[in-house]
Amino acid sequence: MQKLDPITLSVIQNGLIQVCNEMDLAFVRSAFSPVISEALDRSDGIYAAETGELIAQGELGLPIFVGTMQFSTQAVIERAKSVEPGDIFIVNDPYLGGTHLMDVKFVKPFFYKGKLWSWLANTGHWPDLGGSVPGGFSANATEVEQEGLRLPPVKLFKKNKLDEEILSIILSNIRIADQRIGDIKAQASALAIGEARLTELLDRYGEELVRSCIAELKVRAESQMKAKISQIPDGTYHGVSYVDSDGVVDEPLKIDMKVTKKGEGLHFDMSESSPPCMGPMNSVLATTKSSIYLAIKHIFPEIPINAGTFLPLDVAPPDGTFLYAKYPRPVSGCAAEVSQRIAEAVFNALVDVIPDLLFAAPAGTSGNLAIGGYDPDRDRAYVMYVISGGGYGGYQGSDGLSNGCSTIGISKTTPIEVMEQYYPVLFDEYSLHEGSGGAGEYRGGFGVNYQIRLRRGNARASMVMDHGRYGPLGALGGADGGTNKVSVHSDGGTYVPPHLSKDQDIQIEVGDSIAVSTPGGGGFGDPRQRPPEAVARDVALGYYSIAEAEFRFFVAIDPVSGAVDERATDRLRQVAAE
Amino acid sequence: MGQKVIGVDVGGTFTDLIMADPGTGDIAIAKVPTTLDNQAFGVLSAISTVGADLQDVAAINHGTTTTTNALLERKISKVGLITTSGFRDVMELGRRTRPQPYGLKGEFQPLISRDCRLEVPERMDADGNVVTPLDESILVDRIKQLLAAGVESLVIHFLHSYKNPSHELKALEIAKDLWPNDFVCAGHMILSEYREYERGTTAAINGAIRPVLDRYIARLQTGLKSEGFAHDLLVMQGNGGSVSSAIVAETAVNTVMSGPASGVMAAAATSRAANIDKVITYDMGGTSTDVGVVQGGVPQVTAELDLEYGMPIHVPMVDVHTIGAGGGSIAFVNDAGMLQVGPMSAGATPGPICYGRGGEKPTITDANLILGRLDPEKLLSVDNPVSIDDVKQIFVKEIGHHFGMTAEQVADAILTVANNKMAGAIRMVSLAKGYDPRDFSLFAFGGAGPLHASALAKELAIPKVVVPMKPGITNALGCVVSDLRHDFVKTVNTPLADLDISVVKEALEQQAQDGLDLIARDNVATEEIVFLYSVDMQFQGQSHMLSVEISGPDVSLEDLQKGFDDAYWARFAVELPEIRAVLVNLHTAVIGKRKSFSLETLAGTDQAASLEDALRATRSVQFGTEKQDTSIYFRDKLPMDLQLTGPAIIEQLDTTIVIEPGDKVTRDIIGNLIIEV
C-alpha cells in the first residue's frame, strides 16, 4: 500500500463525499414523492465492492439511513448472481437490512475499467407501496403482508434498460402509481450522476490511490470515534424509554438500554426490552443498529461517516425482543417511531454522565397522519400526509427548539397553502402547543397544534405517532414534555383513539375534523433554577399560564402587571425546596 | 448639468467609490473605512476624497448593507402582525427542521414576538373563495392594540392572499387610516407567491427593516443635498438593479443581499463588454466567498435564498451563494489526525497571524505569505509587526509537528486542502446544476479571489480565469453599471392541460405595466426599457421547480411545454412524457437602462511599453513542492499586448494575482487579465 499523506487523504475524502452530495442534490430536486422532495427522506452513498460496507454518504441524507444502506447493499451482494454495467437492483425487504417497506432502495454496481469497483445505492421514501392503508402506516397490521408490497433484490434495470414487466408488477400493486415512474427515473438518474462523478475522481487520482485512501479513512474514522468515546467515564449506564403501544395490544413496550463504556468502546445491551409484539412496532435489526449509530452521531456530530465510524459501537443483537423482528412480524412503525425511542433510550442513559454534550429528550415522533379519500369535485383519489415536528429538549445554556423535526429526519413540513390546493381539506388552526415545553432551568421547546377539516367527499385517516402516554423525558431534574394528543370531531361527538397515538381507518365525513397536538421537549435542570424574569417573559408570550408558572416553575406572577412577585416567588421556591 | 456617475458600495470593512465621467472617460476611485453606526458618514467621506462637486453629478448609485446588518444583528424596528385567525404562530413554528442535520441543539428567534402577532377572523380557500368574511370591527381593535403596544411597523398577512388579495387590500386600507406613519404593508404586495411561511417571513423582514432603511436614506439624502446634489439617490437591490431612494423603503426587503449582487452585476457588465459568454463569479474576501453564475451577460436570479437559518427571503435576487471560506479561515488537525481548513475563521480580529493583531492560528492568508505569494515586505506595515519566522514557527507548532512537515510544506498543504474544499462547494452551487465547466470562465475578484483562482480553475476543470482591472472595488463598479430594475412574481399553479393561456397574457402584461409605473415613479433618466419574462414550472406532483425563460406575454402553450422539456433534460437528463407539466409562477423583470458607461476607461493609461518595464522585483515563490524565482509585476503597467507565461505574481493596490507555472496570460481590450490554465 502506498504511503498516504494527510493532504491526499483530505482531498479524497472530500471528493468521495462530493460524489454523494451531488447524487443527493439531483435526487431531491427531481423527485415526485413529497416525502423525498420536501421532507428530504432519502440518502445516497458509495459501498465497497466485496463487503458492501459504507465508503461515503451524502451530508444531507436522512439521518436514519446512516447505517441501514450498507446492510441492504450486503443483501444485494449475497443474492446477486451476475451483475453487469447498467444494472440496478430494487429492494425494500425490511428483513434484508431494511427499514419499512416505503423506503425503496436502488443498488447499482459501479464498474471502473471493466471491473466491479464498488456499489452506488440510494434510498427514497415512496408515498405508497400498497397494503391495507394508504401511505403504508397501518397501525394494526399483524403480518408484513398487510403492510404492502415486499420486493426482494431484483433487477429493475438490466444494462440500462428498465424492465417493463417488473415495473408493471410494482405499479399494479401500489396507490397513486401514475407518478412513480417519475421517482424511478429520478432515483436512477441520481445514480448515473454518481457514476460519472466517481469515474472522474478515479481517473484523476488513480484507483490504487483512492482504494488506499478509503482503507485509511476507515481506520481514521474509527480512531476518531474512539477518541470521542474516551470522554465518557468507564461504567454501565441505564436508560429507558417506552413506545405507547404496538397498535394492536394496548400496553406500553419498554426499551431497556444498558450502555457499557469500557476502554475505547461502547457496548449496547437491550436484551431486557419487551418481547416481539403483535402490531407493527417491531424493529428489524438493521434499523435497531442504525438508531444507535444515529443517536451517537447526534451526540458527536462532527465525526465523518464511513464503515470505520461504527466499529467501536458494539450492538448485541437483542434476540427475543421487539427490537429484532423476524419475518413475518409487521414493522411499519420501526423507521419512524421505534427508532426514535431507541435513540431516546441512549440519550437517557448518557445524559447524567456527559450532560454538557447532551439534552433532555426531544419530541421524538414523526407524527405520521395519512388521510386517504376521494375528491368528487376533481374526480380523483388522493393520499395526503401530514408529518409534524415537536419541541426539542432543553440543554445546558439554552431552551429547546420549538417545532423541531423528528430526530431521524431533517424534513420540512408541507405548507398549509400547498396542502389546501391539493386536497379537499381546510386547516382551522396551526399554532404553538402552549404549555407543552417541559419545565426546567432550560425549558423544553413547544410542540404544534393543528386541526384539519374535510370539505368534500369522504376519507379514512390513519396515524402512527407516539408519546401519547408519556411525555418526552426531562433530564437532571427537569420535567417531562407535554404528550401527543389526537381527537376526531364530528356531529356524533368527539372520538379519541383508544391507543392515543395510533389508529387506522377512522371514517371521516364532510365537516368532520381531526385535531392533533404534538409533544413538547423535556426540561433540563431544576425548574427552580430558571430565572423568574425568564418565566415572566414566557407567561407574557402566552407559552405558559400564570397557574403553570406557579406550579411548574414556582414563580408567582402578578396578574395585572405581568411582573414577578418576588416575595411570593421566594416563598414558593422555599416550600418546594423543603 | 453635469454627467458624472458615482457608484458607492459600503462593505463590512471599507466603503468603495468609483466616479466616472462618460464624456471625458475620467475615472476617480476612493477607498475609506466603513462607518458602521451610520454608513452615511463613510459615503460622504468617500465622496469628498475624490473631490467630487455634486452639482456636476447626474447620478449616485448606492450599495448598502444597512438592512442586512440590521437583520443579522436584530437591530430592527418593532413589528406587529395581523393574520388569519388560527395562524399567528406560523411565523414562529415555520416549516422548521433544525439548524444542523446532526446534533439536537440550536435556537430560533422569530422576527415578530408572539405578543405582537394578533389574529382577525377572515379566511380564503385555495381557490380564492371567501370562507369567512373579514371582521372589520375586530380588525380595528387589533390595530389599536398594536399601536398601544408601541409597534412602529405593521404587516398584514392572510392565507391564500396570492390567490385572492381582497381581504388584505381591505385590511390595508383600514390600517392606513389608523396608522400614524407609512410603515404598513400587505404580504401579497411584497410577494404574490404561495407558501405561507416564506411569504409571511418575506413581508415581516420588509416590515422590520423598512423604518431603518427609510431613516438611513433620509439622512444620506439630506447630507448629499447639502453638498449640492440635486437628484434622488439610487439604491442597489438584491436583484442586481437599482431603485430610486424615493420609493426604495416600500420594498426594503429587496435591498437585503444587494452587496453580493452588485459584484455579480459588475462581472456581468465586464463579461458582456469582453464578449465572454459564461462565467462563474468568485469573490473571495476575508471571511467568506460569494459565488454566482452569469450566462450571456445576464446573472442567474433565484427567489429561494435563506439569509440565515429559518429566514427565507423569497423575492427575486441574483443567485449568489456564500461559502464559509476566506483568507481568515483557520487550519487545524482534527481528532482523526487529518488536516482541515475552516469553517472557523479568524475574521478581521484577531485575523491571520500576519496581521499582528494577536492571531495565533494558521490561516489561508498566512499560508500565502509563507509561500511568497503575498509580499512578505508588507508585514512591516501592520500594527504590531510579526516576522515571517514567527508565522512559520506557529505553523510548525500547530500543524507541522503532527506530520513531520516544514512550515512551507504545511502552507502548501493548507492551500491544497482549502482549494479542494472550495472547489467542491463552488461545484455544488454552480456546475452541479448540469453545466459543463469547459464552457465557463472563472471571474475572480475580491481581495483574495485572484490569489486562488488559477488553482481553483484547475480543480474545477474550467479552462480560463478572468481578473478584472479593479478586483477590490468590483461592487462599486457594479453600482455604476447597474440599471433600474423591478421584479414581479405571481403564482398560477395550473397544469398546462387546464391552463387558459389568456390568464398568462393578462398577468404578464399587468406585471409589465406595474414595472413601467414604478420606473415612472423612480423619476430617473433612462434610455430604454427592457422586459425579461420567465416562468417556474414543474411536473405535476413535484415540489421543486425549474425556471424557464419565455419570450413575453404572447407565449403559447406549446412554447411553455417545449421550454420546460428542454430545461428539464439539460438539468437531469430525464424525459417524462408520462406526466403532466404544471405552470407554477410567472415572473417579469422590468429594466430601465441607464446611460451606459464604457469600461475601457478602467484600463488606465499607465501601460509600459514592454513587460520588462512593468517588472517590480523578483522573489522566491513556492509552487507545489518547488521554489522558483518568480517575477513580480505592477498590474497597471502591464503592456496592452501582454504575453506572459507563469510563474509570475502580479500586484496591484487592491489584490495580488498568482500566475501558476505554465499558465498563459494576456490582456483583453478592457484591461482584464485572461489566464489560460
# chains A, B, ... in the order shown; residues from 1 in each chain; ligands from 1

call {"tool": "residues_around", "arguments": {"residues": "Met23 of chain A", "least_positions_apart": "3", "cutoff": "7 Å", "atoms": "only C-alpha atoms", "output": "PyMOL selection string"}}
result
chain A and resi 19-20+26-27+44+190-191+193-194

call {"tool": "residues_around", "arguments": {"residues": "segment 245-253 of chain A", "least_positions_apart": "3", "cutoff": "6 Å", "atoms": "only C-alpha atoms", "output": "list in words"}}
result
Ala139, Asn140, Tyr242, Ser274, Gly279, Met281 and Lys502 of chain A

call {"tool": "write_last_selection", "arguments": {"atoms": "N, CA and C atoms", "output": "CSV table (one decimal), in the first residue's frame"}}
result
chain,number,residue,atom,x,y,z
A,139,ALA,N,-51.7,1.0,11.5
A,139,ALA,CA,-51.4,0.9,13.0
A,139,ALA,C,-51.7,-0.4,13.5
A,140,ASN,N,-52.5,-1.3,12.8
A,140,ASN,CA,-52.8,-2.6,13.4
A,140,ASN,C,-52.6,-3.8,12.5
A,242,TYR,N,-40.3,4.3,26.4
A,242,TYR,CA,-41.5,3.5,26.2
A,242,TYR,C,-42.2,3.9,24.9
A,274,SER,N,-39.0,-5.3,25.9
A,274,SER,CA,-40.2,-6.1,25.7
A,274,SER,C,-40.1,-7.1,24.6
A,279,GLY,N,-48.5,-6.0,16.9
A,279,GLY,CA,-48.7,-4.9,15.9
A,279,GLY,C,-47.4,-4.5,15.3
A,281,MET,N,-45.0,-2.3,15.6
A,281,MET,CA,-44.0,-1.6,16.3
A,281,MET,C,-42.7,-2.4,16.5
A,502,LYS,N,-52.0,5.9,18.0
A,502,LYS,CA,-52.0,5.0,16.9
A,502,LYS,C,-53.5,4.6,16.6

call {"tool": "closest_atom_pairs", "arguments": {"of": "chain B", "to": "chain A", "cutoff": "6 Å", "atoms": "only C-alpha atoms", "output": "JSON lines"}}
result
{"residue": "B:Gly86", "atom": "CA", "partner": "A:Glu429", "partner_atom": "CA", "distance": 4.3}
{"residue": "B:Phe87", "atom": "CA", "partner": "A:Tyr430", "partner_atom": "CA", "distance": 5.4}
{"residue": "B:Asp89", "atom": "CA", "partner": "A:Ser431", "partner_atom": "CA", "distance": 5.0}
{"residue": "B:Leu93", "atom": "CA", "partner": "A:Asn403", "partner_atom": "CA", "distance": 5.8}
{"residue": "B:Arg95", "atom": "CA", "partner": "A:Thr413", "partner_atom": "CA", "distance": 4.9}
{"residue": "B:Arg96", "atom": "CA", "partner": "A:Lys412", "partner_atom": "CA", "distance": 5.8}
{"residue": "B:Thr97", "atom": "CA", "partner": "A:Cys405", "partner_atom": "CA", "distance": 4.9}
{"residue": "B:Arg98", "atom": "CA", "partner": "A:Gly404", "partner_atom": "CA", "distance": 5.7}
{"residue": "B:Tyr102", "atom": "CA", "partner": "A:His298", "partner_atom": "CA", "distance": 4.9}
{"residue": "B:Gly103", "atom": "CA", "partner": "A:His298", "partner_atom": "CA", "distance": 4.2}
{"residue": "B:Glu107", "atom": "CA", "partner": "A:Leu401", "partner_atom": "CA", "distance": 5.6}
{"residue": "B:Arg114", "atom": "CA", "partner": "A:Leu541", "partner_atom": "CA", "distance": 5.6}
{"residue": "B:Asp115", "atom": "CA", "partner": "A:Leu541", "partner_atom": "CA", "distance": 5.4}
{"residue": "B:Ala126", "atom": "CA", "partner": "A:Gln421", "partner_atom": "CA", "distance": 5.2}
{"residue": "B:Arg195", "atom": "CA", "partner": "A:Pro415", "partner_atom": "CA", "distance": 5.5}
{"residue": "B:Asp335", "atom": "CA", "partner": "A:Gln224", "partner_atom": "CA", "distance": 5.3}
{"residue": "B:Ala336", "atom": "CA", "partner": "A:Gln224", "partner_atom": "CA", "distance": 4.7}
{"residue": "B:Met338", "atom": "CA", "partner": "A:Pro6", "partner_atom": "CA", "distance": 5.6}
{"residue": "B:Ala413", "atom": "CA", "partner": "A:Ile7", "partner_atom": "CA", "distance": 6.0}
{"residue": "B:Gly541", "atom": "CA", "partner": "A:Phe32", "partner_atom": "CA", "distance": 5.5}
{"residue": "B:Gln542", "atom": "CA", "partner": "A:Phe32", "partner_atom": "CA", "distance": 4.4}
{"residue": "B:His544", "atom": "CA", "partner": "A:Arg29", "partner_atom": "CA", "distance": 5.7}

call {"tool": "write_last_selection", "arguments": {"atoms": "C-alpha atoms", "output": "compact mmCIF listing (two decimals), in the first residue's frame"}}
result
# COMPACT_ATOMS: atom_id res chain seq x y z
CA GLY B 86 -55.72 30.36 14.00
CA PHE B 87 -52.40 31.06 12.31
CA ASP B 89 -47.80 31.08 15.23
CA LEU B 93 -43.19 27.49 14.08
CA ARG B 95 -41.60 24.76 8.42
CA ARG B 96 -38.69 24.24 10.61
CA THR B 97 -36.20 21.45 10.66
CA ARG B 98 -33.21 22.14 12.89
CA TYR B 102 -26.87 16.20 13.40
CA GLY B 103 -26.94 17.49 16.96
CA GLU B 107 -32.24 28.27 18.65
CA ARG B 114 -45.62 36.43 19.92
CA ASP B 115 -47.33 39.25 21.87
CA ALA B 126 -57.05 27.78 -2.06
CA ARG B 195 -46.24 29.11 0.87
CA ASP B 335 -9.17 14.09 16.15
CA ALA B 336 -8.56 11.73 13.24
CA MET B 338 -6.34 14.91 9.35
CA ALA B 413 -0.88 21.53 2.24
CA GLY B 541 -46.68 16.17 -8.06
CA GLN B 542 -43.19 17.66 -7.74
CA HIS B 544 -39.20 21.77 -6.79

call {"tool": "select_by_dssp", "arguments": {"residues": "segment 270-435 of chain B", "states": "strand (DSSP E)", "output": "JSON, numbers by chain"}}
result
{"B": [278, 279, 280, 281, 282, 283, 284, 289, 290, 291, 292, 293, 294, 295, 298, 299, 301, 302, 305, 306, 307, 308, 311, 312, 313, 317, 318, 321, 322, 323, 329, 330, 331, 332, 333, 339, 340, 341, 342, 343, 344, 345]}

call {"tool": "residues_around", "arguments": {"residues": "Gln507 of chain A", "least_positions_apart": "4", "cutoff": "9 Å", "atoms": "only C-alpha atoms", "output": "list in words"}}
result
Asn458, Ala459, Arg460 and Ala461 of chain A

call {"tool": "residues_around", "arguments": {"residues": "segment 596-601 of chain B", "least_positions_apart": "5", "cutoff": "7 Å", "atoms": "only C-alpha atoms", "output": "JSON list (two decimals) with N, CA and C atoms, in the first residue's frame"}}
result
[["chain", "number", "residue", "atom", "x", "y", "z"],
["B", 22, "PRO", "N", -18.55, 59.87, -18.20],
["B", 22, "PRO", "CA", -18.70, 59.20, -19.51],
["B", 22, "PRO", "C", -18.24, 60.11, -20.65],
["B", 25, "GLY", "N", -14.18, 60.27, -20.02],
["B", 25, "GLY", "CA", -13.54, 58.99, -19.75],
["B", 25, "GLY", "C", -12.75, 59.00, -18.45],
["B", 481, "VAL", "N", -22.60, 50.52, -13.01],
["B", 481, "VAL", "CA", -23.14, 49.98, -14.26],
["B", 481, "VAL", "C", -24.58, 49.50, -14.14],
["B", 669, "ILE", "N", -9.30, 43.88, -24.36],
["B", 669, "ILE", "CA", -9.42, 45.29, -24.71],
["B", 669, "ILE", "C", -9.78, 46.19, -23.53],
["B", 670, "ILE", "N", -10.51, 45.65, -22.56],
["B", 670, "ILE", "CA", -10.87, 46.50, -21.43],
["B", 670, "ILE", "C", -9.96, 46.25, -20.22]]

call {"tool": "select_by_dssp", "arguments": {"residues": "segment 19-79 of chain A", "states": "alpha helix (DSSP H)", "output": "PyMOL selection string"}}
result
chain A and resi 19-30+34-37+65-79

call {"tool": "decode", "arguments": {"residues": "segment 576-631 of chain B", "atoms": "C-alpha atoms", "output": "PDB file, in the first residue's frame"}}
result
ATOM      1  CA  LEU B 576     -41.145  12.305 -18.612  1.00  0.00           C
ATOM      2  CA  PRO B 577     -43.819  12.258 -21.299  1.00  0.00           C
ATOM      3  CA  GLU B 578     -45.933  10.216 -18.863  1.00  0.00           C
ATOM      4  CA  ILE B 579     -46.542  13.125 -16.525  1.00  0.00           C
ATOM      5  CA  ARG B 580     -48.254  16.492 -16.957  1.00  0.00           C
ATOM      6  CA  ALA B 581     -46.328  19.752 -16.747  1.00  0.00           C
ATOM      7  CA  VAL B 582     -47.571  22.490 -14.404  1.00  0.00           C
ATOM      8  CA  LEU B 583     -47.080  26.242 -14.729  1.00  0.00           C
ATOM      9  CA  VAL B 584     -46.377  27.471 -11.183  1.00  0.00           C
ATOM     10  CA  ASN B 585     -45.186  31.095 -11.182  1.00  0.00           C
ATOM     11  CA  LEU B 586     -44.955  33.960 -13.640  1.00  0.00           C
ATOM     12  CA  HIS B 587     -42.002  36.345 -13.438  1.00  0.00           C
ATOM     13  CA  THR B 588     -41.471  39.704 -15.087  1.00  0.00           C
ATOM     14  CA  ALA B 589     -38.434  41.913 -14.659  1.00  0.00           C
ATOM     15  CA  VAL B 590     -38.742  45.463 -15.958  1.00  0.00           C
ATOM     16  CA  ILE B 591     -35.365  47.080 -16.524  1.00  0.00           C
ATOM     17  CA  GLY B 592     -34.817  50.774 -17.170  1.00  0.00           C
ATOM     18  CA  LYS B 593     -31.460  51.021 -18.950  1.00  0.00           C
ATOM     19  CA  ARG B 594     -29.439  53.994 -17.825  1.00  0.00           C
ATOM     20  CA  LYS B 595     -26.895  55.700 -19.996  1.00  0.00           C
ATOM     21  CA  SER B 596     -24.112  53.169 -20.404  1.00  0.00           C
ATOM     22  CA  PHE B 597     -20.600  53.699 -19.304  1.00  0.00           C
ATOM     23  CA  SER B 598     -17.589  52.432 -21.201  1.00  0.00           C
ATOM     24  CA  LEU B 599     -15.480  50.030 -19.175  1.00  0.00           C
ATOM     25  CA  GLU B 600     -12.481  50.585 -21.441  1.00  0.00           C
ATOM     26  CA  THR B 601     -11.540  53.683 -19.471  1.00  0.00           C
ATOM     27  CA  LEU B 602     -10.866  51.472 -16.453  1.00  0.00           C
ATOM     28  CA  ALA B 603      -7.786  50.101 -18.212  1.00  0.00           C
ATOM     29  CA  GLY B 604      -5.941  53.335 -17.429  1.00  0.00           C
ATOM     30  CA  THR B 605      -3.113  54.908 -19.379  1.00  0.00           C
ATOM     31  CA  ASP B 606      -0.096  53.848 -17.348  1.00  0.00           C
ATOM     32  CA  GLN B 607       0.949  50.901 -19.510  1.00  0.00           C
ATOM     33  CA  ALA B 608       4.630  50.299 -20.017  1.00  0.00           C
ATOM     34  CA  ALA B 609       5.986  49.640 -23.495  1.00  0.00           C
ATOM     35  CA  SER B 610       7.300  46.209 -22.626  1.00  0.00           C
ATOM     36  CA  LEU B 611       6.899  43.536 -19.983  1.00  0.00           C
ATOM     37  CA  GLU B 612      10.373  44.260 -18.580  1.00  0.00           C
ATOM     38  CA  ASP B 613       9.320  47.796 -17.775  1.00  0.00           C
ATOM     39  CA  ALA B 614       6.420  46.501 -15.693  1.00  0.00           C
ATOM     40  CA  LEU B 615       8.739  44.347 -13.570  1.00  0.00           C
ATOM     41  CA  ARG B 616       8.882  45.400  -9.922  1.00  0.00           C
ATOM     42  CA  ALA B 617      11.063  42.743  -8.345  1.00  0.00           C
ATOM     43  CA  THR B 618      11.903  39.082  -8.234  1.00  0.00           C
ATOM     44  CA  ARG B 619      11.312  36.827  -5.253  1.00  0.00           C
ATOM     45  CA  SER B 620      11.293  33.173  -4.406  1.00  0.00           C
ATOM     46  CA  VAL B 621       7.772  31.736  -4.517  1.00  0.00           C
ATOM     47  CA  GLN B 622       6.824  28.147  -3.790  1.00  0.00           C
ATOM     48  CA  PHE B 623       4.548  26.315  -6.229  1.00  0.00           C
ATOM     49  CA  GLY B 624       3.756  22.795  -5.089  1.00  0.00           C
ATOM     50  CA  THR B 625       6.940  21.451  -3.547  1.00  0.00           C
ATOM     51  CA  GLU B 626       9.248  23.600  -5.646  1.00  0.00           C
ATOM     52  CA  LYS B 627      10.618  27.073  -5.015  1.00  0.00           C
ATOM     53  CA  GLN B 628      11.073  29.197  -8.090  1.00  0.00           C
ATOM     54  CA  ASP B 629      12.491  32.644  -8.665  1.00  0.00           C
ATOM     55  CA  THR B 630       9.404  34.488  -9.749  1.00  0.00           C
ATOM     56  CA  SER B 631       8.936  37.846 -11.437  1.00  0.00           C
TER      57      SER B 631
END
